[in-house]
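Report on one structure; see the data block that follows.
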Amino acid sequence: MISQTAEYALRAVVYLADRDDSPHTARQIAAVTRVPLPYLCKVLQSLSRAGLISSQRGLHGGFALARPSDTISVYEVVQAVDPLQRITWCPLGIASHGANLCPLHRRLDDAMEMVESSFKATTMAALLEEPTESRPLCPAHAGGD
């Protein structure tokens, strides 16, 4: 449903949302999120360009959330790295269909709209506050911190 890039971005943002406001290095984030460091660096760059995280160079540098975790939605994170694709025009290129989607493509787009709505309604803070037996990135099993 979402790309591996989007999954990696969500892991990184959840990691930062679950930590204090001090910056964390890409290496620290990669170790806990189990994302290959070179790939993570590209993901972090996209998240930074989107204004979701900030970066600080230097001895005590690293990455941190640019906004409070209760203001960053799953949708924003996904859109920053690999936007969800909605069906706005017949994917088969049938001119007579155009924007008037057939029942199949209408249903597919309706499903994507539900996913989009759910992602927009879910913040990083909500993911961490949800009562469950397992937390994102289970700290007990995560190394490198």
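In the structure tokens, chains take the letters A, B, ... in the order shown, each chain's residues start at 1, and ligands count up from 1 in the order shown.
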Query - Nearby residues (only C-alpha atoms) at most 10 Å from Glu7 of chain A, same-chain spacing under 6 positions excluded, as a list in words - result: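 Residues near the query, excluding close chain neighbours: Val35, Val77, Val78, Val81 and Asp82 of chain A.
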Keeping only N, CA and C atoms, write the selected residues as a PDB file, in the first residue's frame.
ATOM      1  N   VAL A  35      16.994   0.847   9.200  1.00  0.00           N
ATOM      2  CA  VAL A  35      16.992   1.381   7.842  1.00  0.00           C
ATOM      3  C   VAL A  35      18.455   1.535   7.428  1.00  0.00           C
ATOM      4  N   VAL A  77       4.114  12.854   6.318  1.00  0.00           N
ATOM      5  CA  VAL A  77       5.372  12.113   6.202  1.00  0.00           C
ATOM      6  C   VAL A  77       5.399  11.339   4.887  1.00  0.00           C
ATOM      7  N   VAL A  78       4.322  10.635   4.589  1.00  0.00           N
ATOM      8  CA  VAL A  78       4.255   9.860   3.352  1.00  0.00           C
ATOM      9  C   VAL A  78       4.362  10.786   2.143  1.00  0.00           C
ATOM     10  N   VAL A  81       7.899  11.972   1.038  1.00  0.00           N
ATOM     11  CA  VAL A  81       8.890  11.079   0.428  1.00  0.00           C
ATOM     12  C   VAL A  81       8.375  10.298  -0.774  1.00  0.00           C
ATOM     13  N   ASP A  82       7.098   9.954  -0.785  1.00  0.00           N
ATOM     14  CA  ASP A  82       6.535   9.172  -1.888  1.00  0.00           C
ATOM     15  C   ASP A  82       5.022   9.359  -1.881  1.00  0.00           C
TER      16      ASP A  82
END
Requested in this report: Run DSSP on the backbone of this structure and report the residues of chain A it assigns to strand (DSSP E), as a list of chain:residue names.
Outcome: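 Strand (DSSP E) assignments inside chain A correspond to A:Ile53, A:Ser54, A:Ser55, A:Gln56, A:Gly62, A:Phe63, A:Ala64, A:Leu65.
Around Arg57 of chain A, within 12 Å and counting only C-alpha atoms, the residues found are A:Pro23, A:His24, A:Thr25, A:Ala26, A:Phe63, A:Ala64, once anything fewer than 6 positions away on its own chain is removed.
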Requested in this report: Calculate how many Å separate atom CA of Arg86 of chain A from atom CA of Met112 of chain A, rounding to one decimal.
Outcome: 6.5 Å
Query - All alpha helix (DSSP H) residues (DSSP, backbone) inside segment 71-106 of chain A, as a list in words - result: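 Secondary structure check on segment 71-106 of chain A, alpha helix (DSSP H): Val74, Tyr75, Glu76, Val77, Val78, Gln79, Ala80, Val81, Pro103, Leu104, His105 and Arg106 of chain A.
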Mind dumping a table of every segment 61-100 of chain A residue within 7 Å of segment 43-52 of chain A, with the nearest atom pair and its distance in Å to one decimal, using only C-alpha atoms, sorted by chain and rising number, as JSON lines?
{"residue": "A:Leu65", "atom": "CA", "partner": "A:Leu52", "partner_atom": "CA", "distance": 6.1}
{"residue": "A:Ala66", "atom": "CA", "partner": "A:Leu52", "partner_atom": "CA", "distance": 5.3}
{"residue": "A:Arg67", "atom": "CA", "partner": "A:Leu52", "partner_atom": "CA", "distance": 6.7}
{"residue": "A:Ala80", "atom": "CA", "partner": "A:Ala50", "partner_atom": "CA", "distance": 5.8}
{"residue": "A:Val81", "atom": "CA", "partner": "A:Ser46", "partner_atom": "CA", "distance": 6.0}
Suppose we keep N, CA and C atoms; can you now write the selection as a PDB file, in the first residue's frame?
ATOM      1  N   LEU A  65      12.573  16.686  15.286  1.00  0.00           N
ATOM      2  CA  LEU A  65      11.324  17.128  14.672  1.00  0.00           C
ATOM      3  C   LEU A  65      11.325  18.647  14.572  1.00  0.00           C
ATOM      4  N   ALA A  66      10.792  19.156  13.498  1.00  0.00           N
ATOM      5  CA  ALA A  66      10.713  20.607  13.311  1.00  0.00           C
ATOM      6  C   ALA A  66       9.459  21.175  13.978  1.00  0.00           C
ATOM      7  N   ARG A  67       8.490  20.297  14.275  1.00  0.00           N
ATOM      8  CA  ARG A  67       7.239  20.709  14.911  1.00  0.00           C
ATOM      9  C   ARG A  67       6.873  19.678  15.967  1.00  0.00           C
ATOM     10  N   ALA A  80       5.790  13.557   1.862  1.00  0.00           N
ATOM     11  CA  ALA A  80       7.120  14.164   1.749  1.00  0.00           C
ATOM     12  C   ALA A  80       8.103  13.285   0.986  1.00  0.00           C
ATOM     13  N   VAL A  81       7.899  11.972   1.038  1.00  0.00           N
ATOM     14  CA  VAL A  81       8.890  11.079   0.428  1.00  0.00           C
ATOM     15  C   VAL A  81       8.375  10.298  -0.774  1.00  0.00           C
TER      16      VAL A  81
END
Requested in this report: Compile the contact shell of segment 120-129 of chain A as a PyMOL selection string: residues with an atom at most 12 Å away, counting only C-alpha atoms, same-chain residues fewer than 2 positions apart removed.
Outcome: chain A and resi 9-19+52+65+67-79+84+113-118+131-138
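Interatomic distance, atom CA of Leu101 of chain A to atom CA of Trp89 of chain A: 6.8 Å.
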Requested in this report: Can you pull out every residue within 9 Å of Thr88 of chain A, counting only C-alpha atoms, but drop anything in the same chain fewer than 3 positions away, and send it as a PyMOL selection string?
Outcome: chain A and resi 91+98-101+109
Query raised in the report: What is the atom CA of Ala111 of chain A to atom CA of Met1 of chain A distance in Å?
Result: 10.7 Å
